[in-house]
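J.: One file: coords.txt (compact mmCIF, C-alpha atoms).
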```
# COMPACT_ATOMS: atom_id res chain seq x y z
CA MET S 1 209.92 84.93 216.05
CA ILE S 2 212.58 87.11 214.52
CA THR S 3 215.86 85.30 213.94
CA GLN S 4 219.12 86.47 212.48
CA THR S 5 218.17 85.06 209.11
CA ASP S 6 214.78 86.79 209.08
CA PRO S 7 215.48 90.51 209.23
CA ILE S 8 211.86 91.47 208.41
CA ARG S 9 209.80 92.88 211.27
CA PRO S 10 206.03 92.46 211.57
CA THR S 11 204.26 95.28 209.72
CA ASP S 12 202.73 97.82 212.10
CA ASP S 13 200.88 101.14 211.82
CA GLU S 14 204.10 103.09 212.23
CA ALA S 15 205.62 101.31 209.22
CA ARG S 16 202.46 101.87 207.17
CA ALA S 17 202.41 105.57 208.05
CA LEU S 18 206.09 105.99 207.17
CA ALA S 19 205.59 104.22 203.83
CA ARG S 20 202.62 106.44 202.96
CA ARG S 21 204.57 109.57 203.90
CA LEU S 22 207.43 108.51 201.65
CA ILE S 23 204.98 107.97 198.76
CA SER S 24 202.95 111.15 199.18
CA GLY S 25 206.08 113.25 199.76
CA ALA S 26 208.02 111.96 196.75
CA ARG S 27 208.78 114.60 194.13
CA PHE S 28 211.30 112.40 192.35
CA GLY S 29 212.62 108.87 192.63
CA ALA S 30 214.43 106.04 190.87
CA LEU S 31 212.47 104.02 188.33
CA GLY S 32 213.51 100.48 187.42
CA VAL S 33 212.31 99.00 184.14
CA ILE S 34 213.34 96.04 182.04
CA ASP S 35 215.17 97.13 178.91
CA PRO S 36 213.25 95.52 176.04
CA ASP S 37 216.35 94.95 173.91
CA SER S 38 218.79 93.50 176.45
CA GLY S 39 216.58 92.24 179.29
CA PHE S 40 218.78 94.15 181.75
CA PRO S 41 217.16 96.19 184.49
CA ALA S 42 217.63 99.93 183.84
CA VAL S 43 217.34 102.60 186.53
CA THR S 44 216.59 106.26 185.79
CA ARG S 45 215.52 109.30 187.78
CA ILE S 46 211.96 110.44 187.19
CA ALA S 47 209.67 113.12 188.56
CA LEU S 48 206.96 111.86 190.90
CA GLY S 49 203.74 113.36 192.17
CA SER S 50 200.10 112.70 192.88
CA GLY S 51 197.31 112.08 190.44
CA PRO S 52 193.90 113.73 190.59
CA GLU S 53 192.78 111.30 193.32
CA GLY S 54 196.15 110.80 194.99
CA GLY S 55 198.29 107.79 194.22
CA LEU S 56 201.71 107.92 192.64
CA TRP S 57 202.17 109.31 189.14
CA THR S 58 204.92 110.44 186.83
CA LEU S 59 205.17 112.59 183.70
CA VAL S 60 207.67 111.25 181.19
CA SER S 61 208.92 112.02 177.71
CA GLY S 62 208.01 109.54 175.01
CA LEU S 63 211.56 109.96 173.69
CA SER S 64 213.08 108.45 176.84
CA ALA S 65 214.28 104.86 177.04
CA HIS S 66 212.25 104.20 180.18
CA SER S 67 208.99 105.25 178.56
CA ARG S 68 209.54 102.82 175.70
CA ALA S 69 210.42 100.08 178.21
CA LEU S 70 207.35 100.55 180.38
CA ARG S 71 205.08 100.55 177.33
CA THR S 72 206.65 97.19 176.39
CA ASP S 73 206.59 95.67 179.89
CA PRO S 74 204.54 97.45 182.57
CA ARG S 75 206.37 95.73 185.45
CA VAL S 76 208.42 98.37 187.25
CA GLY S 77 210.26 99.01 190.49
CA LEU S 78 210.40 102.39 192.22
CA LEU S 79 212.66 103.68 194.97
CA VAL S 80 211.33 106.64 196.96
CA GLY S 81 212.68 108.36 200.06
CA GLU S 82 215.63 110.51 199.04
CA PRO S 83 218.28 111.31 201.62
CA GLY S 84 219.00 114.94 202.33
CA ALA S 85 222.42 116.53 202.25
CA LYS S 86 223.13 115.60 205.87
CA GLY S 87 223.61 112.31 207.67
CA ASP S 88 224.27 108.80 206.45
CA PRO S 89 222.22 108.20 203.28
CA LEU S 90 221.98 104.49 204.10
CA THR S 91 220.19 105.14 207.38
CA HIS S 92 217.64 107.42 205.67
CA PRO S 93 214.25 105.67 205.33
CA ARG S 94 213.40 104.48 201.85
CA LEU S 95 210.77 102.36 200.19
CA SER S 96 211.21 99.96 197.27
CA LEU S 97 207.92 99.60 195.46
CA ARG S 98 206.74 96.98 193.03
CA ALA S 99 204.22 98.49 190.64
CA GLU S 100 202.46 98.21 187.33
CA ALA S 101 202.84 101.22 185.04
CA GLN S 102 199.59 102.41 183.50
CA PRO S 103 200.18 105.08 180.83
CA LEU S 104 197.39 107.64 180.42
CA ASN S 105 196.36 108.60 176.91
CA ARG S 106 195.80 112.30 176.25
CA ASP S 107 192.20 111.66 175.29
CA ASP S 108 191.56 109.98 178.63
CA PRO S 109 188.86 111.95 180.50
CA ARG S 110 191.20 112.15 183.52
CA HIS S 111 193.95 113.93 181.57
CA GLY S 112 192.78 117.46 182.34
CA ALA S 113 192.58 116.86 186.07
CA ALA S 114 195.94 115.07 186.05
CA ARG S 115 197.52 117.99 184.19
CA ALA S 116 196.08 120.54 186.63
CA ARG S 117 197.21 118.58 189.66
CA TRP S 118 200.71 118.05 188.24
CA LEU S 119 201.13 121.74 187.36
CA ALA S 120 200.08 122.77 190.86
CA ASP S 121 202.75 120.53 192.40
CA HIS S 122 205.43 120.97 189.68
CA PRO S 123 205.07 124.55 188.39
CA LYS S 124 208.26 124.36 186.30
CA SER S 125 206.77 121.53 184.25
CA LYS S 126 204.72 124.12 182.30
CA LEU S 127 207.80 124.37 180.05
CA TYR S 128 207.23 120.85 178.66
CA ILE S 129 203.97 119.39 179.99
CA ASP S 130 202.16 120.15 176.71
CA LEU S 131 204.88 118.89 174.36
CA GLY S 132 203.47 116.17 172.12
CA ASP S 133 205.62 113.33 173.40
CA PHE S 134 205.03 113.79 177.14
CA PHE S 135 202.50 111.59 178.88
CA PHE S 136 201.36 110.67 182.36
CA VAL S 137 201.82 107.27 183.95
CA GLU S 138 199.92 106.06 186.97
CA PHE S 139 201.67 103.46 189.10
CA ARG S 140 199.41 100.74 190.47
CA LEU S 141 201.24 99.82 193.67
CA LEU S 142 201.45 96.08 194.30
CA SER S 143 203.81 95.78 197.26
CA GLY S 144 206.68 97.47 199.02
CA ALA S 145 209.83 96.80 201.00
CA LEU S 146 210.41 99.51 203.59
CA ASN S 147 213.85 100.08 205.02
CA GLY S 148 213.55 102.42 207.96
CA GLY S 149 217.28 102.22 208.74
CA PHE S 150 219.63 99.45 209.85
CA GLY S 151 217.64 96.47 211.12
CA ARG S 152 214.25 98.10 210.50
CA ALA S 153 212.87 96.27 207.47
CA PHE S 154 209.20 95.69 206.71
CA ARG S 155 207.18 94.22 203.88
CA LEU S 156 203.95 95.96 202.88
CA ASP S 157 201.12 94.86 200.67
CA ALA S 158 198.96 96.98 198.37
CA GLY S 159 196.49 97.75 201.16
CA ASP S 160 199.25 98.95 203.47
CA LEU S 161 200.46 101.36 200.77
CA THR S 162 197.18 102.95 199.76
CA CYS S 163 197.35 106.59 200.59
CA GLN S 164 194.14 107.97 202.04
CA CYS S 165 195.31 111.56 201.74
CA ALA S 166 193.00 113.89 199.81
CA PRO S 167 194.44 115.58 196.72
CA MET Q 1 222.14 115.00 162.37
CA ILE Q 2 220.26 115.52 165.60
CA THR Q 3 216.52 115.62 165.11
CA GLN Q 4 213.68 116.02 167.57
CA THR Q 5 213.26 112.26 167.71
CA ASP Q 6 216.95 111.65 168.41
CA PRO Q 7 217.72 113.41 171.67
CA ILE Q 8 221.14 111.76 172.03
CA ARG Q 9 224.17 113.98 171.45
CA PRO Q 10 227.48 112.70 170.09
CA THR Q 11 229.68 111.52 172.97
CA ASP Q 12 232.53 113.93 173.69
CA ASP Q 13 235.33 114.24 176.26
CA GLU Q 14 233.23 116.49 178.47
CA ALA Q 15 230.54 113.81 178.67
CA ARG Q 16 233.14 111.11 179.39
CA ALA Q 17 234.72 113.22 182.14
CA LEU Q 18 231.34 113.95 183.74
CA ALA Q 19 230.40 110.25 183.67
CA ARG Q 20 233.70 109.26 185.29
CA ARG Q 21 233.28 111.91 187.97
CA LEU Q 22 229.79 110.62 188.76
CA ILE Q 23 231.16 107.07 189.08
CA SER Q 24 234.24 107.87 191.15
CA GLY Q 25 232.31 110.26 193.40
CA ALA Q 26 229.40 107.92 194.11
CA ARG Q 27 229.08 106.92 197.77
CA PHE Q 28 225.60 105.50 197.28
CA GLY Q 29 223.18 104.92 194.45
CA ALA Q 30 220.13 103.03 193.25
CA LEU Q 31 220.58 99.40 192.25
CA GLY Q 32 218.15 97.70 189.89
CA VAL Q 33 217.96 93.92 189.86
CA ILE Q 34 215.47 91.40 188.53
CA ASP Q 35 213.50 89.79 191.35
CA PRO Q 36 214.01 86.04 190.86
CA ASP Q 37 210.50 85.14 192.07
CA SER Q 38 208.36 87.66 190.20
CA GLY Q 39 210.53 88.83 187.30
CA PHE Q 40 209.81 92.44 188.30
CA PRO Q 41 212.64 94.94 188.40
CA ALA Q 42 213.43 95.93 192.01
CA VAL Q 43 215.25 99.11 192.99
CA THR Q 44 217.09 99.55 196.29
CA ARG Q 45 219.62 101.99 197.72
CA ILE Q 46 223.12 100.61 198.17
CA ALA Q 47 226.48 101.93 199.30
CA LEU Q 48 229.00 102.49 196.51
CA GLY Q 49 232.74 102.97 196.48
CA SER Q 50 235.96 102.01 194.75
CA GLY Q 51 237.69 98.69 194.73
CA PRO Q 52 241.42 98.17 195.27
CA GLU Q 53 242.14 99.18 191.66
CA GLY Q 54 239.31 101.68 191.25
CA GLY Q 55 236.12 100.68 189.51
CA LEU Q 56 232.69 100.61 191.14
CA TRP Q 57 231.99 98.30 194.06
CA THR Q 58 229.39 97.73 196.72
CA LEU Q 59 229.24 95.94 200.05
CA VAL Q 60 225.92 94.19 200.66
CA SER Q 61 224.29 91.95 203.22
CA GLY Q 62 223.59 88.41 202.13
CA LEU Q 63 220.23 88.71 203.91
CA SER Q 64 219.03 91.42 201.51
CA ALA Q 65 216.68 90.70 198.63
CA HIS Q 66 218.98 92.41 196.13
CA SER Q 67 221.95 90.22 197.04
CA ARG Q 68 219.92 87.08 196.42
CA ALA Q 69 218.71 88.55 193.11
CA LEU Q 70 222.15 89.45 191.79
CA ARG Q 71 223.50 86.03 192.71
CA THR Q 72 220.65 84.55 190.63
CA ASP Q 73 220.95 86.97 187.69
CA PRO Q 74 224.06 89.18 187.50
CA ARG Q 75 222.45 91.68 185.10
CA VAL Q 76 221.94 94.92 186.99
CA GLY Q 77 221.26 98.61 186.45
CA LEU Q 78 222.75 101.38 188.58
CA LEU Q 79 221.81 105.03 188.93
CA VAL Q 80 224.53 107.34 190.23
CA GLY Q 81 224.64 111.12 190.56
CA GLU Q 82 222.53 112.09 193.55
CA PRO Q 83 221.00 115.56 193.63
CA GLY Q 84 221.82 117.77 196.58
CA ALA Q 85 219.30 119.55 198.74
CA LYS Q 86 219.16 122.58 196.43
CA GLY Q 87 217.96 123.09 192.88
CA ASP Q 88 215.77 120.99 190.60
CA PRO Q 89 216.68 117.29 191.10
CA LEU Q 90 215.75 116.55 187.51
CA THR Q 91 218.35 118.94 186.12
CA HIS Q 92 221.09 117.38 188.28
CA PRO Q 93 223.44 115.21 186.18
CA ARG Q 94 222.99 111.48 186.59
CA LEU Q 95 224.21 108.33 184.94
CA SER Q 96 222.28 105.11 184.34
CA LEU Q 97 224.72 102.24 184.14
CA ARG Q 98 224.28 98.75 182.75
CA ALA Q 99 226.55 96.35 184.57
CA GLU Q 100 227.29 92.77 185.47
CA ALA Q 101 227.53 92.06 189.18
CA GLN Q 102 230.55 90.00 190.19
CA PRO Q 103 230.38 88.90 193.84
CA LEU Q 104 233.74 88.48 195.58
CA ASN Q 105 234.21 85.45 197.79
CA ARG Q 106 235.91 86.04 201.13
CA ASP Q 107 238.71 83.69 200.22
CA ASP Q 108 239.44 85.70 197.08
CA PRO Q 109 243.00 87.06 197.29
CA ARG Q 110 241.65 90.56 196.59
CA HIS Q 111 239.39 90.54 199.66
CA GLY Q 112 241.92 92.06 202.05
CA ALA Q 113 242.71 94.98 199.75
CA ALA Q 114 239.02 95.52 199.00
CA ARG Q 115 238.24 95.57 202.73
CA ALA Q 116 241.02 98.07 203.47
CA ARG Q 117 239.97 100.36 200.65
CA TRP Q 118 236.31 100.22 201.64
CA LEU Q 119 237.05 100.97 205.29
CA ALA Q 120 239.17 103.97 204.30
CA ASP Q 121 236.28 105.42 202.28
CA HIS Q 122 233.41 104.23 204.53
CA PRO Q 123 234.73 104.31 208.12
CA LYS Q 124 231.30 103.61 209.63
CA SER Q 125 231.17 100.27 207.82
CA LYS Q 126 233.51 98.82 210.48
CA LEU Q 127 230.29 98.09 212.43
CA TYR Q 128 229.22 95.40 209.95
CA ILE Q 129 231.95 94.81 207.35
CA ASP Q 130 233.11 91.63 209.10
CA LEU Q 131 229.66 90.16 209.73
CA GLY Q 132 229.46 86.76 208.12
CA ASP Q 133 226.75 87.56 205.60
CA PHE Q 134 228.32 90.70 204.11
CA PHE Q 135 230.20 90.47 200.86
CA PHE Q 136 231.70 92.71 198.19
CA VAL Q 137 230.39 92.98 194.65
CA GLU Q 138 232.36 94.44 191.77
CA PHE Q 139 230.32 95.94 188.96
CA ARG Q 140 231.69 95.30 185.49
CA LEU Q 141 230.42 98.35 183.63
CA LEU Q 142 229.02 97.59 180.18
CA SER Q 143 227.46 100.87 179.07
CA GLY Q 144 225.89 104.05 180.37
CA ALA Q 145 223.23 106.64 179.57
CA LEU Q 146 224.28 110.06 180.83
CA ASN Q 147 221.70 112.74 181.43
CA GLY Q 148 223.50 116.01 182.00
CA GLY Q 149 220.25 117.96 182.33
CA PHE Q 150 217.36 118.75 179.98
CA GLY Q 151 218.36 118.03 176.37
CA ARG Q 152 221.88 116.85 177.30
CA ALA Q 153 221.76 113.09 176.81
CA PHE Q 154 224.70 110.89 175.84
CA ARG Q 155 225.35 107.20 175.44
CA LEU Q 156 228.66 105.81 176.66
CA ASP Q 157 230.32 102.48 176.10
CA ALA Q 158 232.53 100.50 178.48
CA GLY Q 159 235.68 102.29 177.29
CA ASP Q 160 234.13 105.72 177.88
CA LEU Q 161 233.31 104.72 181.45
CA THR Q 162 236.62 103.25 182.54
CA CYS Q 163 237.97 105.37 185.32
CA GLN Q 164 241.71 106.01 185.07
CA CYS Q 165 241.87 107.48 188.54
CA ALA Q 166 244.36 105.86 190.91
CA PRO Q 167 242.95 104.29 194.08
```
Could you show the structure in this file as structure tokens?
T.:
Amino acid sequence: MITQTDPIRPTDDEARALARRLISGARFGALGVIDPDSGFPAVTRIALGSGPEGGLWTLVSGLSAHSRALRTDPRVGLLVGEPGAKGDPLTHPRLSLRAEAQPLNRDDPRHGAARARWLADHPKSKLYIDLGDFFFVEFRLLSGALNGGFGRAFRLDAGDLTCQCAP
Amino acid sequence: MITQTDPIRPTDDEARALARRLISGARFGALGVIDPDSGFPAVTRIALGSGPEGGLWTLVSGLSAHSRALRTDPRVGLLVGEPGAKGDPLTHPRLSLRAEAQPLNRDDPRHGAARARWLADHPKSKLYIDLGDFFFVEFRLLSGALNGGFGRAFRLDAGDLTCQCAP
């Protein structure tokens, strides 16, 4: 039974499909990490895209504060589902993800495929993708909180979030 | 001296002005909190606006996960500076703020002025502003990391961030 103090609706296929669309369509988002010096959460904007077999990946500079933080503590939060220029941004669907950041070393056998996939989706990244400090991070998605607009909140587990879409 | 491993530029008045514009112009943003159960950072979209004497405030539902988190641990991160529909979102200026969340009780003498200011800036909030679980939070800004686009990074302290703009 849904009461006033339990605003979460039962997860259904529509919620799962919306969550997967928000993940597969994300080209950027907000990353939350724990700052290793202060313990404060820190939120930055990062590029997002798919890996060679789908999923949710980013390409970050090793000089950035967030890359140092996620190498220290792989627990991250991600917000995807960016509002457009029109309408109320707080009624636009968005998904808060809990994830574990898994950096990819350059000598990883998947690096070439990840690079090719990223370049196809982010052609402007050719300006920096091969700079020495840049590296890929795969996000292992653990759970999500979907807000489909006022009063439309759902919780999703890792299975709900797994995108079946081909690369 | 700025080297390749120190991408931070010296803070100047242009950077301070840009940071203050991003703060005073923010109508929504990404909030990072520490989830009290898991310790993971969690990122959600929240409404933002000014308080009675300026500053950066939000209005949140007490039923939300982030409101429970910030009442447990007031250390938060905020990302402001939302990209528009055009251009590369990762070259759009944005500001990552470190802040302490200070919830305002309804019996606080400032509540009336905060409510009036919020309604003036967010007229649609009249639908829920008086619901029993909603409350204001003032963010005490501690420091900021400004990214004005590729290669334009600055660090700002609390003094740099203080908005002088009248309500």
J.: Taking (218.3, 100.0, 197.7) in the file's coordinates, which residues come within 9 Å, counting all atoms listed in the file, written as a PyMOL selection string?
T.: (chain S and resi 79+90+94-96+147) or (chain Q and resi 29-32+42-47+66)
J.: Between CA of Gly62 in chain Q and CA of Asp88 in chain S, what is the spacing in Å?
T.: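 Going from CA of Asp88 in chain S over to CA of Gly62 in chain Q, I get 20.9 Å.
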J.: With only C-alpha atoms as the atoms that count, which of S:Gly39, S:Pro123, S:Gly132, S:Pro7 lies nearest to Asp73 in chain Q?
T.: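 Of S:Gly39, S:Pro123, S:Gly132, S:Pro7, the one nearest Asp73 in chain Q is S:Gly39, counting only C-alpha atoms.
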J.: Would you pick out the contacts of Asp108 in chain Q at 12 Å or less, using all atoms listed in the file, so that residues sharing its chain but fewer than 6 positions from it are not included, and give the list as JSON, numbers by chain?
T.: {"Q": [114, 115, 135, 136, 137]}
J.: Using all atoms listed in the file, which of the listed residues (Q:Gly54, Q:Arg21, Q:Asp35, Q:Ser61) sits closest to Ser125 in chain Q?
T.: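 Of the candidates, the smallest distance to Ser125 in chain Q is held by Q:Ser61.
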J.: Point out the residue among Q:Thr72, Q:Ser64, Q:Asn105, Q:Thr58 with the least atom-to-atom distance to chain S, counting only C-alpha atoms.
T.: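 The answer is Q:Ser64, which sits nearest to chain S.
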J.: Looking at Q:Val33, Q:Ile129, Q:Leu141, Q:Ile8, which one is nearest to chain S, with distances taken over all atoms listed in the file?
T.: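 Closest to chain S, using all atoms listed in the file: Q:Val33.
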J.: For a test of reading the model, state the distance in Å between CA of Arg9 in chain Q and CA of Lys86 in chain Q, rounded to one decimal.
T.: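 For CA of Arg9 in chain Q relative to CA of Lys86 in chain Q, the distance reads 26.9 Å.
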J.: If you take every atom of range 37-52 of chain Q that the file lists and fit an axis-aligned box around them with 6 Å extra on each side, what centre and edge lengths come out in Å to one decimal, as JSON?
T.:
```
{"center_x": 224.9, "center_y": 94.1, "center_z": 193.3, "size_x": 45.1, "size_y": 29.8, "size_z": 24.0}
```
J.: Rounded to one decimal place, report the CA of Arg16 in chain S-CA of Ala65 in chain Q distance in Å.
T.: 20.0 Å
J.: From the list S:Ser67, S:Thr91, S:Ser50, S:Thr11, which residue is nearest chain Q when using all atoms listed in the file?
T.: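 Selected residue with least distance to chain Q: S:Thr91.
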J.: Residues around (225.2, 118.2, 180.4), cut-off 9 Å, counting all atoms listed in the file - what are they as a PyMOL selection string?
T.: chain Q and resi 14-15+18+91-93+146-154
